[in-house]
Structures are given as structure tokens and as C-alpha cells.
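Structure first, then comments.
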Amino acid sequence: MATAVHNEPRTVDPTRLAEVTLAAAVRAGADAVYIEPSPSTEELYMIVLERSQEVLTSFSVEALSGAATIARLAYIAGLDLASSATSSAVVPVRSGNLDADFVITIRPGKGLRADLMVVPKQRQQQAKAPATPQRIGDTGDVIGNYRILEPLGEGGMGTVFKVEHVVLGRQYALKILRSKVIERDATAAQRFLREARAAARVRHPNIVDVFDFGHLPDGRPYFVMELCEGESLTDLIGRGPLQPHDVVAIARQIATALAAVHDRGVIHADVTPSNALVTSQDPIHVKLVDFGLASLAGESFHEEDSDFVLGTPAYISPEQLRGLPATDRSDQYGLGCVLFELLAGRPPYHHDDLRELCMLHVQAPIPLVESPHGPLPPKLADAITTMLQKSPQQRFPGMRAFIAALDEIEKVTDRRGWRKWLSS
């Protein structure tokens with residue numbers, strides 16, 4: 001596919017640029033538009049039109065023009081630029097005889113960003129048609145461009161298969177979301193795809209690459225990701241608490257991955273041991289998976305369907321339990337729970353009754369961070385305790401502040417003879 005790239009920065013009227021961008025996306029048949037800071041310089045913004053993850057065209061404008069264009073789009077969509085959380089709204093657009101709805105998402109990460117997902121009217125009408133249930137999962141079944149080779153596992157949110165691209169012959173992992181994920185909310189599939197696509201644009205060694213997205217005829221979304229050999233942190237913990245030096249290594253890798261997506265205004269919102277894959281042991285290497293799935297898990301507590309709505313309640317932040325949107329500090333709380341469990345062999349809170357467990361997250365004192373392998377450097381325990389504070393404002397100001405705390409932990413432990421716990 002031919003790609004037009006314009007590198008000469010432009011100073012333009014943001015109102016006009018917003019209108020032209022919307023019209024151009026409709027006429028070009030784009031399914032996504034990204035307006036974001038240039039990765040190479042703070043002085044420019046990039047505007048990128050994509051279709052099926054292929055770049056149709058991209059060009060740069062001066063940073064002020066780019067940010068002002070996002071502000072104009074936020075005004076059109078009725079979104080609050082001052083909000084600290086990602087927000088979305090749907091705006092109908094007509095260009096000539098073509099109509100589409102734009103899902104405009106404003107992301108307040110490091111540099112203001114906007115994602116625009118384009119939903120043509122024709123596609124909307126087709127989506128409203130009665131869906132024919134489809135049984136998928138047998139070896140040899142074909143989903144899009146992928147042939148199922150074997151099932152890999154099943155969880156509360158979906159089923160994962162090992163698949164092969166029918167043309168390229170390459171093997172991937174394909175995850176299909178469960179029907180009940182979208183039964184309560186007709187917009188859930190689109191919200192998932194929007195968040196997962198945003199995360200997939202972040203290339204990071206500690207994030208599982210996602211290559212493709214799609215829908216089954218019955219409406220269930222699926223996504224295709226790299227096939228990783230290894231096990232989850234859940235499997236690792238199942239064999240007992242980890243040595244502190246391994247926990248520090250894991251903490252740094254997950255934190256740097258989360259910092260990268262937080263910079264792009266993307267929140268994971270479900271940081272758990274099962275969502276971190278261990279792809280090698282010597283040295284230990286982990287990768288985060290399932291960005292976007294948490295946006296389907298609901299924003300409040302429903303006891304009658306708790307296994308689905310909360311997903312993994314042992315790691316959910318107090319503010320999410322109160323029905324507030326997840327933020328980067330919610331991810332910090334989840335990571336704190338994971339690190340606590342890696343050290344102690346159990347999560348910070350446990351109760352057989354789900355409602356009681358949720359109340360422990362909201363009200364119970366933070367338990368002492370301990371390891372059966374011996375005393376921990378005080379600053380390591382203090383850092384995890386900070387991440388587990390009930391109020392988001394009392395946690396680290398951002399994931400990079402936690403990474404800086406890890407740097408300090410390693411320096412102090414080296415000076416005071418704790419190196420045996422923190423190095424292999």
C-alpha cells in the first residue's frame with residue numbers, strides 16, 4: 001500500500017485542521033487517526049491516518065497547532081481537557097455523501113494526545129443486524145487470516161489459541177473474548193479495540209506485541225499477538241515466594257513497560273501475575289499482556305457476576321472499587337499487590353467472601369511486607385507500602401518515580417552489604 005508521508009512542519013488554523021482531518025479520514029476510508037507528539041522532537045506533532053493498521057498518510061505540524069487541534073476536537077466532542085483520566089465521546093461527521101461516527105478519545109499522558117476511531121454508518125447498520133452464533137475452537141477452523149492449530153488456555157475474559165497465518169505461515173496467539181464480555185454493553189467491543197490498539201502502538205521489550213484485531217460474525221472481538229514461550233508469574237509464585245533480587249528485576253521491567261504506556265495516556269487497569277508472562281529465566285524477562293481487556297471489566301462492583309466484573313479482585317485498587325476510573329496510580333496499586341505476592345507468596349489481602357475482600361482493599365491497614373528468604377532492605381518494603389496506599393495521591397506521583405526509587409534501593413543496598421539479596 002502506498003503511504004504518503006509529509007515531514008515539513010506546518011503552522012495551521014487548528015479549527016480548520018480539525019475539520020480537514022475528520023473529512024479526510026472519512027473520504028480515505030481510514031479506521032483510525034492519531035494526533036500525538038512526534039517521537040523525535042517536542043517541537044512537532046504528528047497526524048497519522050491508518051486503515052487496518054497500515055499508514056495511509058502522515059504529516060507533521062508545529063506542537064502548538066497539534067495541541068490546539070486536539071483542544072478543538074475535545075470542544076466538538078464535549079470532553080474536558082482538564083480531566084486527568086482518558087475520556088471519549090462519539091461525534092457524527094458527514095463529508096460529501098459519506099457518513100461516519102468518530103469515537104474521539106483524549107489521552108492526558110506525557111503530551112496531549114487524541115485517538116479517533118472511525119465507524120462508517122454502513123458498518124454500524126450491519127453490526128445491529130441479528131448475529132448468528134458461531135462455534136469456534138476446533139483445530140483447522142479459520143478466523144480471519146488465521147487457522148487454529150490448538151487451544152492454549154481459557155480464562156475469565158476469553159480463550160487463547162495457537163494459530164497460523166494462512167498465507168505467511170507464521171504462528172501467533174489469538175484471543176477471542178467471551179460472549180458475556182459484551183452482552184451487557186453493546187459498545188464494549190469497540191472500547192476494547194480502541195484501548196488495545198492504542199497500547200499496541202507502544203513498542204516495548206516488556207510488552208507483548210499485538211499485530212491484528214477483528215470481529216467474529218457474532219460480534220465477539222479477537223486480537224492476535226506474538227506467541228510467547230514460557231509461563232505466567234502466577235505459575236512462578238505457585239512454586240513459592242521469589243528471591244528479592246528477582247522481584248526487583250521483575251518490578252523494574254513491569255514498571256518501565258507501564259511508564260511507556262502511561263506516557264501515551266493508556267492505562268492497563270488489570271496488572272496481575274496472570275497478565276505478566278515470564279519468557280526467560282536466566283536472566284529473568286517478563287512481558288505484560290491484555291491491555292484493553294480491563295476496560296471491559298466494568299467500573300463498579302456487581303456481586304452477582306463478580307468473577308467477570310472484577311476480573312482479579314486481589315489486585316484491584318480502592319478507587320476502582322469505588323467506581324472511579326482507573327488511572328496510572330491504579331496500575332501502581334496493582335503492581336504493588338503483585339510485588340507483595342512475589343515476595344510473600346500471597347497477595348496483601350485475602351478473604352473467601354468477595355465483598356469482604358473488596359472492603360479490605362478499601363479499609364484494611366496495609367500489611368507488613370515480608371519475605372521468607374530473610375529481611376528485606378527497608379527501602380524496598382517502604383516502596384511497596386507506598387504503592388499500596390489507599391489514596392492515589394499518597395502513592396508515587398508516577399511510575400517513573402517508582403523506578404527512581406528502585407535505583408536508590410540498589411545503590412543503598414550495595415553500600416550497606418545487601419547486594420546478596422538484589423543480584424544474581
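Ligands are numbered from 1 in the order shown, residues from 1 within each chain, and chains are lettered A, B, ... in the order they appear in the C-alpha cells.
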
(message) Can you tell me which residues surround Ala196 in chain A at a distance of at most 10 Å, considering only C-alpha atoms, apart from same-chain residues fewer than 3 positions away, and format the answer as a ChimeraX atom specification?
(response) /A:190-193,199-201,210,213,223,266,268,290-295

Output the selection as a PDB file, in the first residue's frame - C-alpha atoms for each residue.
ATOM      1  CA  GLN A 190     -15.301  -1.120  20.317  1.00  0.00           C
ATOM      2  CA  ARG A 191     -13.972   0.224  23.611  1.00  0.00           C
ATOM      3  CA  PHE A 192     -11.731  -2.799  23.955  1.00  0.00           C
ATOM      4  CA  LEU A 193     -10.381  -2.470  20.430  1.00  0.00           C
ATOM      5  CA  ALA A 199      -1.438   0.050  23.619  1.00  0.00           C
ATOM      6  CA  ALA A 200      -0.308  -1.936  20.579  1.00  0.00           C
ATOM      7  CA  ARG A 201       1.290   1.202  19.138  1.00  0.00           C
ATOM      8  CA  VAL A 210      -0.242  -7.198  19.185  1.00  0.00           C
ATOM      9  CA  PHE A 213      -7.686  -7.202  15.537  1.00  0.00           C
ATOM     10  CA  PHE A 223      -6.849  -9.931  18.767  1.00  0.00           C
ATOM     11  CA  VAL A 266      -3.005   4.273  28.156  1.00  0.00           C
ATOM     12  CA  HIS A 268      -3.701  -1.215  31.872  1.00  0.00           C
ATOM     13  CA  ASP A 290      -4.014  -7.964  27.870  1.00  0.00           C
ATOM     14  CA  PHE A 291      -4.004  -4.178  27.547  1.00  0.00           C
ATOM     15  CA  GLY A 292      -7.574  -3.070  26.864  1.00  0.00           C
ATOM     16  CA  LEU A 293      -9.289  -6.039  28.471  1.00  0.00           C
ATOM     17  CA  ALA A 294      -9.734  -4.202  31.745  1.00  0.00           C
ATOM     18  CA  SER A 295     -11.880  -1.586  30.006  1.00  0.00           C
TER      19      SER A 295
END

(message) List the spatial neighbours of range 397-402 of chain A as number ranges by chain - criterion: any atom at most 9 Å away, only C-alpha atoms, same-chain residues fewer than 5 positions off excluded.
(response) A: 252, 255-256, 258-259, 262, 328-329, 331-332, 383, 387, 392, 407

(request) Enumerate the residues of range 129-320 of chain A with a DSSP assignment of strand (DSSP E), computed from the backbone, and present them as an MDAnalysis selection string. (result) chainID A and resid 142:143 146:154 158:165 171:177 210:215 221:225 231:232 276:281 284:288

(message) Residues near Asp115 in chain A, anyone? I mean within 7 Å using only C-alpha atoms, not counting same-chain ones fewer than 2 positions away, as number ranges by chain.
(response) A: 33-35, 104-106, 113, 117

Same residues, N, CA and C atoms, saved as a JSON list (two decimals), in the first residue's frame:
[["chain", "number", "residue", "atom", "x", "y", "z"],
["A", 33, "VAL", "N", -7.32, 7.56, 13.40],
["A", 33, "VAL", "CA", -6.49, 8.76, 13.25],
["A", 33, "VAL", "C", -5.81, 9.00, 14.59],
["A", 34, "TYR", "N", -4.52, 9.29, 14.55],
["A", 34, "TYR", "CA", -3.76, 9.57, 15.77],
["A", 34, "TYR", "C", -3.13, 10.95, 15.65],
["A", 35, "ILE", "N", -3.35, 11.76, 16.67],
["A", 35, "ILE", "CA", -2.72, 13.08, 16.76],
["A", 35, "ILE", "C", -1.90, 13.06, 18.05],
["A", 104, "ILE", "N", -13.95, 9.91, 19.53],
["A", 104, "ILE", "CA", -12.81, 10.77, 19.84],
["A", 104, "ILE", "C", -12.37, 10.50, 21.28],
["A", 105, "THR", "N", -11.13, 10.10, 21.45],
["A", 105, "THR", "CA", -10.58, 9.80, 22.76],
["A", 105, "THR", "C", -9.43, 10.74, 23.04],
["A", 106, "ILE", "N", -9.50, 11.44, 24.15],
["A", 106, "ILE", "CA", -8.44, 12.37, 24.57],
["A", 106, "ILE", "C", -7.65, 11.70, 25.69],
["A", 113, "ARG", "N", -2.76, 13.89, 23.68],
["A", 113, "ARG", "CA", -2.93, 13.01, 22.52],
["A", 113, "ARG", "C", -4.40, 12.82, 22.24],
["A", 117, "MET", "N", -11.29, 6.87, 16.35],
["A", 117, "MET", "CA", -11.70, 5.63, 15.68],
["A", 117, "MET", "C", -12.90, 5.94, 14.79]]

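Distance-wise, CA of Ile136 in chain A and CA of Glu226 in chain A end up 20.3 Å apart.
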
(request) Quick one: pick out all alpha helix (DSSP H) residues within range 58-189 of chain A from a backbone DSSP run and write them as a PyMOL selection string. (result) chain A and resi 63-77+121-128+179-183+188-189

Writer output for current selection, C-alpha atoms, as a tab-separated table (two decimals), in the first residue's frame:
chain	number	residue	atom	x	y	z
A	63	ALA	CA	3.39	21.37	18.50
A	64	LEU	CA	1.16	24.32	19.37
A	65	SER	CA	-1.01	23.69	16.31
A	66	GLY	CA	-1.26	19.99	17.13
A	67	ALA	CA	-2.28	20.55	20.74
A	68	ALA	CA	-4.74	23.26	19.71
A	69	THR	CA	-6.29	20.88	17.16
A	70	ILE	CA	-6.82	18.32	19.92
A	71	ALA	CA	-8.40	21.06	22.03
A	72	ARG	CA	-10.76	21.85	19.14
A	73	LEU	CA	-11.72	18.17	18.82
A	74	ALA	CA	-12.31	17.99	22.57
A	75	TYR	CA	-14.60	21.03	22.29
A	76	ILE	CA	-16.52	19.42	19.43
A	77	ALA	CA	-16.90	16.19	21.42
A	121	LYS	CA	-22.63	4.19	9.09
A	122	GLN	CA	-22.90	1.11	6.90
A	123	ARG	CA	-20.76	-0.88	9.32
A	124	GLN	CA	-22.93	0.28	12.21
A	125	GLN	CA	-26.08	-0.91	10.48
A	126	GLN	CA	-24.51	-4.29	9.82
A	127	ALA	CA	-23.44	-4.55	13.44
A	128	LYS	CA	-27.03	-4.03	14.56
A	179	SER	CA	-19.72	-13.63	24.75
A	180	LYS	CA	-20.74	-12.35	28.15
A	181	VAL	CA	-17.98	-9.73	27.96
A	182	ILE	CA	-20.09	-7.74	25.50
A	183	GLU	CA	-23.62	-8.86	26.39
A	188	ALA	CA	-17.74	-2.88	24.93
A	189	ALA	CA	-16.12	-4.47	21.88
